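Chemist: Provided below: final_12.cif, containing mmCIF, N, CA and C atoms.
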```cif
data_work
loop_
_atom_site.label_atom_id
_atom_site.label_comp_id
_atom_site.auth_asym_id
_atom_site.auth_seq_id
_atom_site.Cartn_x
_atom_site.Cartn_y
_atom_site.Cartn_z
N MET A 1 33.17 -9.72 32.46
CA MET A 1 32.71 -9.87 31.09
C MET A 1 33.88 -10.25 30.21
N ASP A 2 33.68 -11.20 29.33
CA ASP A 2 34.72 -11.61 28.38
C ASP A 2 35.02 -10.48 27.42
N ASN A 3 36.15 -10.59 26.76
CA ASN A 3 36.51 -9.62 25.72
C ASN A 3 35.80 -9.97 24.43
N VAL A 4 34.49 -9.85 24.45
CA VAL A 4 33.66 -10.17 23.29
C VAL A 4 33.22 -8.87 22.65
N MET A 5 33.49 -8.74 21.36
CA MET A 5 33.05 -7.54 20.65
C MET A 5 31.59 -7.73 20.24
N LEU A 6 30.76 -6.85 20.69
CA LEU A 6 29.35 -6.91 20.32
C LEU A 6 29.17 -6.49 18.88
N GLN A 7 28.38 -7.21 18.16
CA GLN A 7 28.12 -6.91 16.76
C GLN A 7 26.74 -6.28 16.62
N PRO A 8 26.65 -5.17 15.92
CA PRO A 8 25.33 -4.56 15.72
C PRO A 8 24.46 -5.44 14.83
N ASP A 9 23.17 -5.27 14.94
CA ASP A 9 22.23 -6.03 14.13
C ASP A 9 22.09 -5.35 12.77
N TYR A 10 23.10 -5.53 11.94
CA TYR A 10 23.08 -4.88 10.64
C TYR A 10 22.03 -5.43 9.70
N LEU A 11 21.64 -6.68 9.87
CA LEU A 11 20.59 -7.22 9.00
C LEU A 11 19.32 -6.40 9.12
N ARG A 12 19.07 -5.88 10.31
CA ARG A 12 17.88 -5.05 10.52
C ARG A 12 17.91 -3.84 9.58
N HIS A 13 19.08 -3.26 9.37
CA HIS A 13 19.21 -2.10 8.49
C HIS A 13 18.85 -2.48 7.04
N GLU A 14 19.35 -3.61 6.59
CA GLU A 14 19.04 -4.05 5.23
C GLU A 14 17.55 -4.29 5.08
N TYR A 15 16.91 -4.90 6.06
CA TYR A 15 15.48 -5.17 5.98
C TYR A 15 14.68 -3.87 5.90
N ILE A 16 15.08 -2.88 6.67
CA ILE A 16 14.37 -1.59 6.66
C ILE A 16 14.47 -0.94 5.29
N TYR A 17 15.68 -0.88 4.73
CA TYR A 17 15.85 -0.29 3.40
C TYR A 17 15.14 -1.10 2.32
N ALA A 18 15.28 -2.42 2.38
CA ALA A 18 14.67 -3.28 1.36
C ALA A 18 13.15 -3.24 1.42
N ASP A 19 12.60 -3.01 2.60
CA ASP A 19 11.15 -2.96 2.77
C ASP A 19 10.54 -1.76 2.07
N ASN A 20 11.29 -0.68 1.92
CA ASN A 20 10.76 0.53 1.29
C ASN A 20 11.85 1.26 0.51
N PRO A 21 12.33 0.66 -0.60
CA PRO A 21 13.42 1.27 -1.35
C PRO A 21 13.05 2.57 -2.06
N SER A 22 11.77 2.91 -2.11
CA SER A 22 11.38 4.17 -2.74
C SER A 22 11.44 5.33 -1.76
N ALA A 23 11.64 5.04 -0.48
CA ALA A 23 11.76 6.10 0.53
C ALA A 23 13.14 6.76 0.41
N SER A 24 13.32 7.86 1.10
CA SER A 24 14.63 8.52 1.04
C SER A 24 15.56 8.01 2.12
N GLY A 25 15.11 7.13 2.95
CA GLY A 25 15.95 6.60 4.01
C GLY A 25 15.25 6.63 5.34
N TRP A 26 16.00 6.89 6.39
CA TRP A 26 15.47 6.87 7.75
C TRP A 26 14.59 8.07 8.06
N ASN A 27 14.93 9.23 7.51
CA ASN A 27 14.29 10.48 7.91
C ASN A 27 13.39 11.03 6.82
N ASP A 28 12.54 11.97 7.20
CA ASP A 28 11.80 12.68 6.17
C ASP A 28 12.67 13.83 5.65
N VAL A 29 12.23 14.47 4.61
CA VAL A 29 13.02 15.50 3.93
C VAL A 29 13.40 16.64 4.87
N ALA A 30 12.48 17.08 5.71
CA ALA A 30 12.76 18.19 6.63
C ALA A 30 13.88 17.85 7.60
N VAL A 31 13.88 16.63 8.11
CA VAL A 31 14.93 16.21 9.03
C VAL A 31 16.27 16.14 8.30
N ASP A 32 16.26 15.58 7.09
CA ASP A 32 17.49 15.52 6.31
C ASP A 32 18.04 16.91 6.05
N GLN A 33 17.18 17.87 5.75
CA GLN A 33 17.63 19.24 5.51
C GLN A 33 18.23 19.85 6.78
N GLU A 34 17.61 19.57 7.92
CA GLU A 34 18.14 20.08 9.19
C GLU A 34 19.51 19.49 9.48
N ILE A 35 19.65 18.18 9.28
CA ILE A 35 20.93 17.52 9.51
C ILE A 35 21.98 18.07 8.55
N LEU A 36 21.61 18.25 7.29
CA LEU A 36 22.55 18.80 6.31
C LEU A 36 23.00 20.20 6.72
N SER A 37 22.12 21.00 7.28
CA SER A 37 22.53 22.34 7.71
C SER A 37 23.55 22.25 8.84
N TYR A 38 23.37 21.29 9.76
CA TYR A 38 24.35 21.08 10.83
C TYR A 38 25.70 20.63 10.25
N VAL A 39 25.64 19.72 9.28
CA VAL A 39 26.87 19.22 8.65
C VAL A 39 27.59 20.37 7.94
N ASN A 40 26.83 21.19 7.21
CA ASN A 40 27.45 22.32 6.52
C ASN A 40 28.11 23.28 7.51
N GLU A 41 27.47 23.55 8.63
CA GLU A 41 28.06 24.41 9.65
C GLU A 41 29.32 23.78 10.24
N LEU A 42 29.26 22.49 10.51
CA LEU A 42 30.41 21.78 11.05
C LEU A 42 31.59 21.85 10.07
N LEU A 43 31.33 21.58 8.80
CA LEU A 43 32.39 21.63 7.79
C LEU A 43 32.97 23.03 7.68
N TYR A 44 32.10 24.03 7.71
CA TYR A 44 32.55 25.43 7.64
C TYR A 44 33.45 25.75 8.84
N GLN A 45 33.02 25.39 10.04
CA GLN A 45 33.80 25.67 11.24
C GLN A 45 35.13 24.93 11.23
N ALA A 46 35.16 23.75 10.65
CA ALA A 46 36.39 22.95 10.57
C ALA A 46 37.24 23.35 9.37
N GLN A 47 36.76 24.31 8.59
CA GLN A 47 37.44 24.81 7.39
C GLN A 47 37.67 23.71 6.36
N VAL A 48 36.68 22.83 6.25
CA VAL A 48 36.68 21.80 5.21
C VAL A 48 35.81 22.35 4.09
N ILE A 49 36.45 22.75 3.00
CA ILE A 49 35.73 23.40 1.91
C ILE A 49 35.96 22.64 0.61
N PRO A 50 35.04 22.77 -0.35
CA PRO A 50 35.23 22.11 -1.63
C PRO A 50 36.51 22.60 -2.29
N PRO A 51 37.21 21.72 -2.93
CA PRO A 51 36.86 20.34 -3.31
C PRO A 51 37.41 19.29 -2.36
N ALA A 52 37.40 19.52 -1.08
CA ALA A 52 37.90 18.55 -0.11
C ALA A 52 37.24 17.19 -0.32
N SER A 53 37.98 16.15 0.03
CA SER A 53 37.44 14.79 -0.08
C SER A 53 36.87 14.38 1.27
N ILE A 54 35.68 13.78 1.23
CA ILE A 54 34.99 13.37 2.45
C ILE A 54 34.51 11.93 2.30
N LEU A 55 34.77 11.14 3.33
CA LEU A 55 34.25 9.79 3.42
C LEU A 55 33.08 9.82 4.39
N GLU A 56 31.91 9.40 3.91
CA GLU A 56 30.75 9.33 4.80
C GLU A 56 30.51 7.88 5.20
N LEU A 57 30.59 7.62 6.49
CA LEU A 57 30.34 6.28 7.03
C LEU A 57 28.86 6.17 7.37
N GLY A 58 28.23 5.12 6.87
CA GLY A 58 26.79 4.94 7.10
C GLY A 58 25.99 5.90 6.25
N CYS A 59 26.32 5.97 4.97
CA CYS A 59 25.72 6.97 4.07
C CYS A 59 24.28 6.67 3.68
N GLY A 60 23.81 5.46 3.94
CA GLY A 60 22.43 5.13 3.57
C GLY A 60 22.17 5.36 2.10
N MET A 61 21.09 6.04 1.81
CA MET A 61 20.67 6.30 0.44
C MET A 61 21.26 7.58 -0.14
N GLY A 62 22.30 8.09 0.52
CA GLY A 62 23.00 9.25 -0.02
C GLY A 62 22.43 10.59 0.36
N ASN A 63 21.63 10.64 1.41
CA ASN A 63 20.94 11.88 1.78
C ASN A 63 21.88 13.01 2.15
N LEU A 64 23.07 12.70 2.63
CA LEU A 64 24.10 13.72 2.87
C LEU A 64 25.15 13.70 1.77
N THR A 65 25.53 12.52 1.33
CA THR A 65 26.60 12.38 0.34
C THR A 65 26.28 13.12 -0.94
N ILE A 66 25.08 12.97 -1.45
CA ILE A 66 24.72 13.57 -2.74
C ILE A 66 24.67 15.10 -2.67
N PRO A 67 24.02 15.71 -1.68
CA PRO A 67 24.04 17.17 -1.63
C PRO A 67 25.45 17.74 -1.41
N LEU A 68 26.26 17.04 -0.63
CA LEU A 68 27.63 17.51 -0.43
C LEU A 68 28.45 17.41 -1.72
N ALA A 69 28.21 16.34 -2.48
CA ALA A 69 28.87 16.23 -3.79
C ALA A 69 28.39 17.33 -4.72
N SER A 70 27.10 17.65 -4.67
CA SER A 70 26.56 18.74 -5.49
C SER A 70 27.18 20.08 -5.12
N ALA A 71 27.60 20.20 -3.86
CA ALA A 71 28.23 21.45 -3.39
C ALA A 71 29.71 21.51 -3.73
N GLY A 72 30.24 20.45 -4.35
CA GLY A 72 31.61 20.47 -4.81
C GLY A 72 32.59 19.60 -4.04
N PHE A 73 32.12 18.91 -3.01
CA PHE A 73 33.00 18.01 -2.28
C PHE A 73 33.18 16.72 -3.07
N ARG A 74 34.34 16.10 -2.95
CA ARG A 74 34.59 14.79 -3.54
C ARG A 74 34.19 13.75 -2.51
N MET A 75 33.08 13.07 -2.76
CA MET A 75 32.44 12.22 -1.77
C MET A 75 32.58 10.72 -2.06
N VAL A 76 32.75 9.96 -1.00
CA VAL A 76 32.66 8.50 -1.03
C VAL A 76 31.75 8.11 0.13
N GLY A 77 30.78 7.26 -0.15
CA GLY A 77 29.86 6.81 0.88
C GLY A 77 29.92 5.30 1.05
N ILE A 78 29.88 4.86 2.29
CA ILE A 78 29.88 3.43 2.61
C ILE A 78 28.68 3.14 3.50
N ASP A 79 28.00 2.03 3.21
CA ASP A 79 26.89 1.60 4.05
C ASP A 79 26.81 0.08 4.03
N ILE A 80 26.31 -0.50 5.10
CA ILE A 80 26.16 -1.94 5.23
C ILE A 80 25.04 -2.48 4.34
N SER A 81 24.08 -1.63 3.98
CA SER A 81 22.91 -2.08 3.22
C SER A 81 23.14 -1.98 1.71
N ALA A 82 23.13 -3.13 1.06
CA ALA A 82 23.27 -3.16 -0.40
C ALA A 82 22.10 -2.43 -1.07
N THR A 83 20.91 -2.56 -0.51
CA THR A 83 19.75 -1.86 -1.06
C THR A 83 19.94 -0.36 -0.99
N ALA A 84 20.38 0.14 0.16
CA ALA A 84 20.61 1.58 0.31
C ALA A 84 21.65 2.07 -0.69
N ILE A 85 22.72 1.31 -0.87
CA ILE A 85 23.77 1.71 -1.81
C ILE A 85 23.23 1.72 -3.25
N GLU A 86 22.44 0.73 -3.62
CA GLU A 86 21.84 0.70 -4.97
C GLU A 86 21.00 1.95 -5.21
N VAL A 87 20.20 2.32 -4.23
CA VAL A 87 19.35 3.50 -4.35
C VAL A 87 20.22 4.76 -4.42
N ALA A 88 21.25 4.83 -3.58
CA ALA A 88 22.14 6.00 -3.57
C ALA A 88 22.82 6.19 -4.92
N VAL A 89 23.27 5.10 -5.52
CA VAL A 89 23.91 5.18 -6.85
C VAL A 89 22.93 5.74 -7.87
N GLN A 90 21.70 5.26 -7.86
CA GLN A 90 20.69 5.75 -8.80
C GLN A 90 20.38 7.22 -8.54
N ARG A 91 20.24 7.61 -7.29
CA ARG A 91 19.95 9.00 -6.95
C ARG A 91 21.09 9.93 -7.37
N ALA A 92 22.34 9.46 -7.21
CA ALA A 92 23.49 10.27 -7.63
C ALA A 92 23.51 10.45 -9.14
N LEU A 93 23.16 9.39 -9.86
CA LEU A 93 23.09 9.49 -11.33
C LEU A 93 22.03 10.50 -11.75
N ILE A 94 20.88 10.44 -11.13
CA ILE A 94 19.80 11.38 -11.44
C ILE A 94 20.21 12.81 -11.11
N ALA A 95 20.95 12.98 -9.99
CA ALA A 95 21.40 14.31 -9.58
C ALA A 95 22.58 14.80 -10.42
N GLY A 96 23.19 13.88 -11.17
CA GLY A 96 24.31 14.25 -12.03
C GLY A 96 25.59 14.54 -11.27
N VAL A 97 25.79 13.85 -10.14
CA VAL A 97 27.02 14.07 -9.37
C VAL A 97 27.90 12.83 -9.42
N GLY A 98 29.19 13.06 -9.47
CA GLY A 98 30.16 11.97 -9.47
C GLY A 98 30.51 11.57 -8.06
N THR A 99 29.78 10.63 -7.52
CA THR A 99 29.98 10.17 -6.15
C THR A 99 30.24 8.67 -6.19
N SER A 100 31.11 8.21 -5.32
CA SER A 100 31.40 6.79 -5.23
C SER A 100 30.70 6.21 -4.02
N PHE A 101 30.05 5.08 -4.21
CA PHE A 101 29.39 4.39 -3.11
C PHE A 101 29.86 2.95 -3.06
N GLN A 102 29.96 2.40 -1.85
CA GLN A 102 30.27 0.98 -1.74
C GLN A 102 29.56 0.38 -0.54
N THR A 103 29.23 -0.88 -0.68
CA THR A 103 28.63 -1.63 0.41
C THR A 103 29.75 -2.16 1.28
N GLY A 104 29.63 -1.95 2.58
CA GLY A 104 30.64 -2.45 3.49
C GLY A 104 30.29 -2.20 4.94
N ASN A 105 30.92 -2.96 5.80
CA ASN A 105 30.73 -2.86 7.23
C ASN A 105 31.75 -1.87 7.78
N VAL A 106 31.31 -0.73 8.28
CA VAL A 106 32.22 0.33 8.71
C VAL A 106 33.06 -0.03 9.93
N ILE A 107 32.73 -1.13 10.62
CA ILE A 107 33.56 -1.54 11.74
C ILE A 107 34.58 -2.60 11.35
N SER A 108 34.65 -2.91 10.07
CA SER A 108 35.63 -3.87 9.57
C SER A 108 36.77 -3.14 8.87
N VAL A 109 37.98 -3.44 9.25
CA VAL A 109 39.14 -2.78 8.65
C VAL A 109 39.22 -3.06 7.14
N GLU A 110 38.65 -4.16 6.71
CA GLU A 110 38.69 -4.54 5.29
C GLU A 110 38.08 -3.48 4.39
N VAL A 111 37.07 -2.80 4.86
CA VAL A 111 36.36 -1.82 4.04
C VAL A 111 37.26 -0.62 3.70
N TYR A 112 38.30 -0.39 4.48
CA TYR A 112 39.14 0.79 4.31
C TYR A 112 40.45 0.51 3.54
N ARG A 113 40.76 -0.74 3.31
CA ARG A 113 42.06 -1.12 2.74
C ARG A 113 42.39 -0.42 1.41
N ASP A 114 41.46 -0.33 0.51
CA ASP A 114 41.75 0.21 -0.82
C ASP A 114 41.28 1.64 -1.02
N LEU A 115 40.91 2.30 0.07
CA LEU A 115 40.42 3.68 -0.05
C LEU A 115 41.58 4.67 -0.07
N GLU A 116 41.34 5.78 -0.72
CA GLU A 116 42.29 6.88 -0.74
C GLU A 116 42.32 7.56 0.63
N LYS A 117 43.18 8.56 0.77
CA LYS A 117 43.16 9.39 1.97
C LYS A 117 42.05 10.42 1.81
N PHE A 118 41.47 10.83 2.94
CA PHE A 118 40.38 11.81 2.92
C PHE A 118 40.75 13.02 3.77
N ASP A 119 40.18 14.15 3.39
CA ASP A 119 40.36 15.36 4.18
C ASP A 119 39.46 15.34 5.42
N CYS A 120 38.37 14.58 5.33
CA CYS A 120 37.39 14.57 6.42
C CYS A 120 36.65 13.24 6.38
N ILE A 121 36.30 12.74 7.55
CA ILE A 121 35.45 11.56 7.66
C ILE A 121 34.21 11.98 8.41
N LEU A 122 33.07 11.69 7.84
CA LEU A 122 31.78 12.13 8.36
C LEU A 122 30.97 10.93 8.82
N ASP A 123 30.44 11.02 10.02
CA ASP A 123 29.53 10.00 10.52
C ASP A 123 28.15 10.27 9.97
N GLY A 124 27.68 9.41 9.10
CA GLY A 124 26.36 9.57 8.51
C GLY A 124 25.27 9.06 9.42
N LEU A 125 25.37 9.37 10.69
CA LEU A 125 24.38 8.97 11.69
C LEU A 125 24.35 7.45 11.88
N CYS A 126 25.53 6.84 11.86
CA CYS A 126 25.55 5.39 12.06
C CYS A 126 26.24 4.97 13.33
N TRP A 127 27.17 5.74 13.86
CA TRP A 127 27.97 5.27 15.00
C TRP A 127 27.13 5.02 16.24
N HIS A 128 26.02 5.69 16.38
CA HIS A 128 25.18 5.42 17.55
C HIS A 128 24.54 4.03 17.49
N CYS A 129 24.59 3.39 16.33
CA CYS A 129 24.04 2.04 16.17
C CYS A 129 25.07 0.96 16.51
N ILE A 130 26.30 1.37 16.68
CA ILE A 130 27.39 0.39 16.83
C ILE A 130 27.71 0.19 18.30
#
```
Output the file's structure as structure tokens, nothing else.

Modeler:
Amino acid sequence: MDNVMLQPDYLRHEYIYADNPSASGWNDVAVDQEILSYVNELLYQAQVIPPASILELGCGMGNLTIPLASAGFRMVGIDISATAIEVAVQRALIAGVGTSFQTGNVISVEVYRDLEKFDCILDGLCWHCI
């Protein structure tokens, strides 16, 4: 096999979000709550506590980023879908949390060039797609 880097079908992600921008993302609320409980346990065990800074890769519509920001973490979320990021920004404004979101490809070094250092990097359930 040649040294060819396989590229994920990221356009599919944008189509899914754009098709239903009023949804909360990939999961229903109960699944998001279950995942958030796992993330909270993981952060606790790793001794990552507020106001630690966390970068969430594949943040989607902010289903983890926003609650973690509400809990006092300094959050930055990145996602390939511009639609998901637009919704996440609006949801963060409604929730009254200061969270930064940006559209970008998490497998491209360019997305990380101007970012600060983080105490923790969180996989927002995207690496299994890559």

Chemist: Would you kindly return, as number ranges by chain, each protein, DNA or RNA residue with an atom no farther than 8 Å from any atom of Glu56 of chain A, considering all atoms listed in the file and excluding same-chain residues fewer than 5 positions away?

Modeler: A: 64-65, 75-79, 120-125

Chemist: Enumerate as an NGL selection string all residues of chain A assigned to helix (DSSP H, G or I) by DSSP on the backbone, naming them with the chain letters and numbers the document uses.

Modeler: :A and (10-19 or 29-45 or 65-70 or 82-95 or 109-112 or 127-129)

Chemist: Write down as a ChimeraX atom specification the residues belonging to segment 19-119 of chain A that are assigned strand (DSSP E or B) by DSSP computed on the backbone.

Modeler: /A:53-57,74-79,100-103

Chemist: What do you get, as a CSV table (one decimal) with N, CA and C atoms, in the frame of the given file, if you spell out every residue that the PyMOL selection byres ((chain A and resi 62) around 7) selects here?

Modeler:
```
chain,number,residue,atom,x,y,z
A,24,SER,N,13.3,7.9,1.1
A,24,SER,CA,14.6,8.5,1.0
A,24,SER,C,15.6,8.0,2.1
A,59,CYS,N,26.3,6.0,5.0
A,59,CYS,CA,25.7,7.0,4.1
A,59,CYS,C,24.3,6.7,3.7
A,60,GLY,N,23.8,5.5,3.9
A,60,GLY,CA,22.4,5.1,3.6
A,60,GLY,C,22.2,5.4,2.1
A,61,MET,N,21.1,6.0,1.8
A,61,MET,CA,20.7,6.3,0.4
A,61,MET,C,21.3,7.6,-0.1
A,63,ASN,N,21.6,10.6,1.4
A,63,ASN,CA,20.9,11.9,1.8
A,63,ASN,C,21.9,13.0,2.2
A,64,LEU,N,23.1,12.7,2.6
A,64,LEU,CA,24.1,13.7,2.9
A,64,LEU,C,25.2,13.7,1.8
A,65,THR,N,25.5,12.5,1.3
A,65,THR,CA,26.6,12.4,0.3
A,65,THR,C,26.3,13.1,-0.9
A,66,ILE,N,25.1,13.0,-1.4
A,66,ILE,CA,24.7,13.6,-2.7
A,66,ILE,C,24.7,15.1,-2.7
A,67,PRO,N,24.0,15.7,-1.7
A,67,PRO,CA,24.0,17.2,-1.6
A,67,PRO,C,25.4,17.7,-1.4
A,84,ALA,N,20.4,0.1,0.2
A,84,ALA,CA,20.6,1.6,0.3
A,84,ALA,C,21.6,2.1,-0.7
A,85,ILE,N,22.7,1.3,-0.9
A,85,ILE,CA,23.8,1.7,-1.8
A,85,ILE,C,23.2,1.7,-3.2
A,87,VAL,N,20.2,2.3,-4.2
A,87,VAL,CA,19.4,3.5,-4.4
A,87,VAL,C,20.2,4.8,-4.4
A,88,ALA,N,21.2,4.8,-3.6
A,88,ALA,CA,22.1,6.0,-3.6
A,88,ALA,C,22.8,6.2,-4.9
A,89,VAL,N,23.3,5.1,-5.5
A,89,VAL,CA,23.9,5.2,-6.8
A,89,VAL,C,22.9,5.7,-7.9
```

Chemist: With all atoms listed in the file as the atoms that count, which of A:Tyr112, A:Tyr17, A:Phe101, A:Tyr44 lies nearest to Thr83 of chain A?

Modeler: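 Checking each candidate against Thr83 of chain A, we get A:Tyr17 as the closest.
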
Chemist: Please measure the separation of atom CA of Ser70 of chain A and atom N of Val97 of chain A, giving the value in Å to one decimal.

Modeler: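 A separation of 6.8 Å between them.
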
Chemist: Using the file's own x, y and z axes, what box holds all listed atoms of segment 65-78 of chain A with 8 Å on each side, keeping edges along x, y and z, and what are its centre and edge lengths in Å to one decimal, as AutoDock Vina command-line options?

Modeler:
```
--center_x 29.3 --center_y 12.3 --center_z -1.0 --size_x 26.6 --size_y 34.4 --size_z 25.0
```

Chemist: Could you tell me how far atom N of Asp114 of chain A lies from atom C of Leu36 of chain A, in Å and to one decimal?

Modeler: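 Distance between the two atoms: 28.3 Å.
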
Chemist: One decimal, Å: what's the distance from atom CA of Cys126 of chain A over to atom C of Val111 of chain A, could you say?

Modeler: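 That distance, rounded to one decimal, is 15.6 Å.
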
Chemist: Of the candidates A:Gly104, A:Gly72, A:Glu86, A:Asp32, which one gets nearest to Val48 of chain A if we count only C-alpha atoms?

Modeler: A:Gly72

Chemist: Counting only N, CA and C atoms, which residue out of A:Leu68, A:Ile35, A:Ile80, A:Leu93 sits closest to Asn105 of chain A?

Modeler: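 Nearest candidate to Asn105 of chain A out of A:Leu68, A:Ile35, A:Ile80, A:Leu93: A:Ile80.
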
Chemist: Missing atoms in segment 106-114 of chain A: can you complete it with all heavy atoms, as a PDB file, in the coordinates of the input?

Modeler:
```
ATOM      1  N   VAL A 106      31.310  -0.730   8.280  1.00  0.00           N
ATOM      2  CA  VAL A 106      32.220   0.330   8.710  1.00  0.00           C
ATOM      3  C   VAL A 106      33.060  -0.030   9.930  1.00  0.00           C
ATOM      4  O   VAL A 106      34.009   0.690  10.244  1.00  0.00           O
ATOM      5  CB  VAL A 106      31.480   1.673   8.955  1.00  0.00           C
ATOM      6  CG1 VAL A 106      30.809   2.158   7.686  1.00  0.00           C
ATOM      7  CG2 VAL A 106      30.497   1.567  10.095  1.00  0.00           C
ATOM      8  N   ILE A 107      32.730  -1.130  10.620  1.00  0.00           N
ATOM      9  CA  ILE A 107      33.560  -1.540  11.740  1.00  0.00           C
ATOM     10  C   ILE A 107      34.580  -2.600  11.350  1.00  0.00           C
ATOM     11  O   ILE A 107      35.326  -3.084  12.192  1.00  0.00           O
ATOM     12  CB  ILE A 107      32.726  -1.997  12.954  1.00  0.00           C
ATOM     13  CG1 ILE A 107      31.917  -3.243  12.652  1.00  0.00           C
ATOM     14  CG2 ILE A 107      31.851  -0.878  13.461  1.00  0.00           C
ATOM     15  CD1 ILE A 107      31.253  -3.857  13.876  1.00  0.00           C
ATOM     16  N   SER A 108      34.650  -2.910  10.070  1.00  0.00           N
ATOM     17  CA  SER A 108      35.630  -3.870   9.570  1.00  0.00           C
ATOM     18  C   SER A 108      36.770  -3.140   8.870  1.00  0.00           C
ATOM     19  O   SER A 108      36.531  -2.324   7.974  1.00  0.00           O
ATOM     20  CB  SER A 108      34.950  -4.827   8.578  1.00  0.00           C
ATOM     21  OG  SER A 108      35.920  -5.599   7.918  1.00  0.00           O
ATOM     22  N   VAL A 109      37.980  -3.440   9.250  1.00  0.00           N
ATOM     23  CA  VAL A 109      39.140  -2.780   8.650  1.00  0.00           C
ATOM     24  C   VAL A 109      39.220  -3.060   7.140  1.00  0.00           C
ATOM     25  O   VAL A 109      39.756  -2.257   6.380  1.00  0.00           O
ATOM     26  CB  VAL A 109      40.449  -3.190   9.375  1.00  0.00           C
ATOM     27  CG1 VAL A 109      40.813  -4.638   9.101  1.00  0.00           C
ATOM     28  CG2 VAL A 109      41.581  -2.258   9.022  1.00  0.00           C
ATOM     29  N   GLU A 110      38.650  -4.160   6.710  1.00  0.00           N
ATOM     30  CA  GLU A 110      38.690  -4.540   5.290  1.00  0.00           C
ATOM     31  C   GLU A 110      38.080  -3.480   4.390  1.00  0.00           C
ATOM     32  O   GLU A 110      38.534  -3.273   3.276  1.00  0.00           O
ATOM     33  CB  GLU A 110      37.980  -5.881   5.071  1.00  0.00           C
ATOM     34  CG  GLU A 110      38.517  -7.029   5.894  1.00  0.00           C
ATOM     35  CD  GLU A 110      39.996  -7.287   5.672  1.00  0.00           C
ATOM     36  OE1 GLU A 110      40.454  -7.216   4.521  1.00  0.00           O
ATOM     37  OE2 GLU A 110      40.694  -7.549   6.665  1.00  0.00           O
ATOM     38  N   VAL A 111      37.070  -2.800   4.860  1.00  0.00           N
ATOM     39  CA  VAL A 111      36.360  -1.820   4.040  1.00  0.00           C
ATOM     40  C   VAL A 111      37.260  -0.620   3.700  1.00  0.00           C
ATOM     41  O   VAL A 111      37.039   0.060   2.704  1.00  0.00           O
ATOM     42  CB  VAL A 111      35.041  -1.388   4.701  1.00  0.00           C
ATOM     43  CG1 VAL A 111      35.277  -0.386   5.814  1.00  0.00           C
ATOM     44  CG2 VAL A 111      34.070  -0.819   3.694  1.00  0.00           C
ATOM     45  N   TYR A 112      38.300  -0.390   4.480  1.00  0.00           N
ATOM     46  CA  TYR A 112      39.140   0.790   4.310  1.00  0.00           C
ATOM     47  C   TYR A 112      40.450   0.510   3.540  1.00  0.00           C
ATOM     48  O   TYR A 112      41.133   1.443   3.154  1.00  0.00           O
ATOM     49  CB  TYR A 112      39.499   1.380   5.686  1.00  0.00           C
ATOM     50  CG  TYR A 112      38.286   1.696   6.502  1.00  0.00           C
ATOM     51  CD1 TYR A 112      37.878   0.852   7.530  1.00  0.00           C
ATOM     52  CD2 TYR A 112      37.515   2.820   6.232  1.00  0.00           C
ATOM     53  CE1 TYR A 112      36.743   1.134   8.278  1.00  0.00           C
ATOM     54  CE2 TYR A 112      36.377   3.105   6.970  1.00  0.00           C
ATOM     55  CZ  TYR A 112      35.999   2.259   7.983  1.00  0.00           C
ATOM     56  OH  TYR A 112      34.876   2.533   8.708  1.00  0.00           O
ATOM     57  N   ARG A 113      40.760  -0.740   3.310  1.00  0.00           N
ATOM     58  CA  ARG A 113      42.060  -1.120   2.740  1.00  0.00           C
ATOM     59  C   ARG A 113      42.390  -0.420   1.410  1.00  0.00           C
ATOM     60  O   ARG A 113      43.521  -0.023   1.210  1.00  0.00           O
ATOM     61  CB  ARG A 113      42.164  -2.617   2.572  1.00  0.00           C
ATOM     62  CG  ARG A 113      42.244  -3.344   3.893  1.00  0.00           C
ATOM     63  CD  ARG A 113      42.957  -4.668   3.743  1.00  0.00           C
ATOM     64  NE  ARG A 113      42.810  -5.461   4.944  1.00  0.00           N
ATOM     65  CZ  ARG A 113      43.584  -5.365   6.004  1.00  0.00           C
ATOM     66  NH1 ARG A 113      44.556  -4.506   6.010  1.00  0.00           N
ATOM     67  NH2 ARG A 113      43.392  -6.129   7.061  1.00  0.00           N
ATOM     68  N   ASP A 114      41.460  -0.330   0.510  1.00  0.00           N
ATOM     69  CA  ASP A 114      41.750   0.210  -0.820  1.00  0.00           C
ATOM     70  C   ASP A 114      41.280   1.640  -1.020  1.00  0.00           C
ATOM     71  O   ASP A 114      41.252   2.135  -2.142  1.00  0.00           O
ATOM     72  CB  ASP A 114      41.108  -0.693  -1.894  1.00  0.00           C
ATOM     73  CG  ASP A 114      41.723  -2.087  -1.891  1.00  0.00           C
ATOM     74  OD1 ASP A 114      42.936  -2.196  -1.615  1.00  0.00           O
ATOM     75  OD2 ASP A 114      40.992  -3.061  -2.136  1.00  0.00           O
TER      76      ASP A 114
END
```
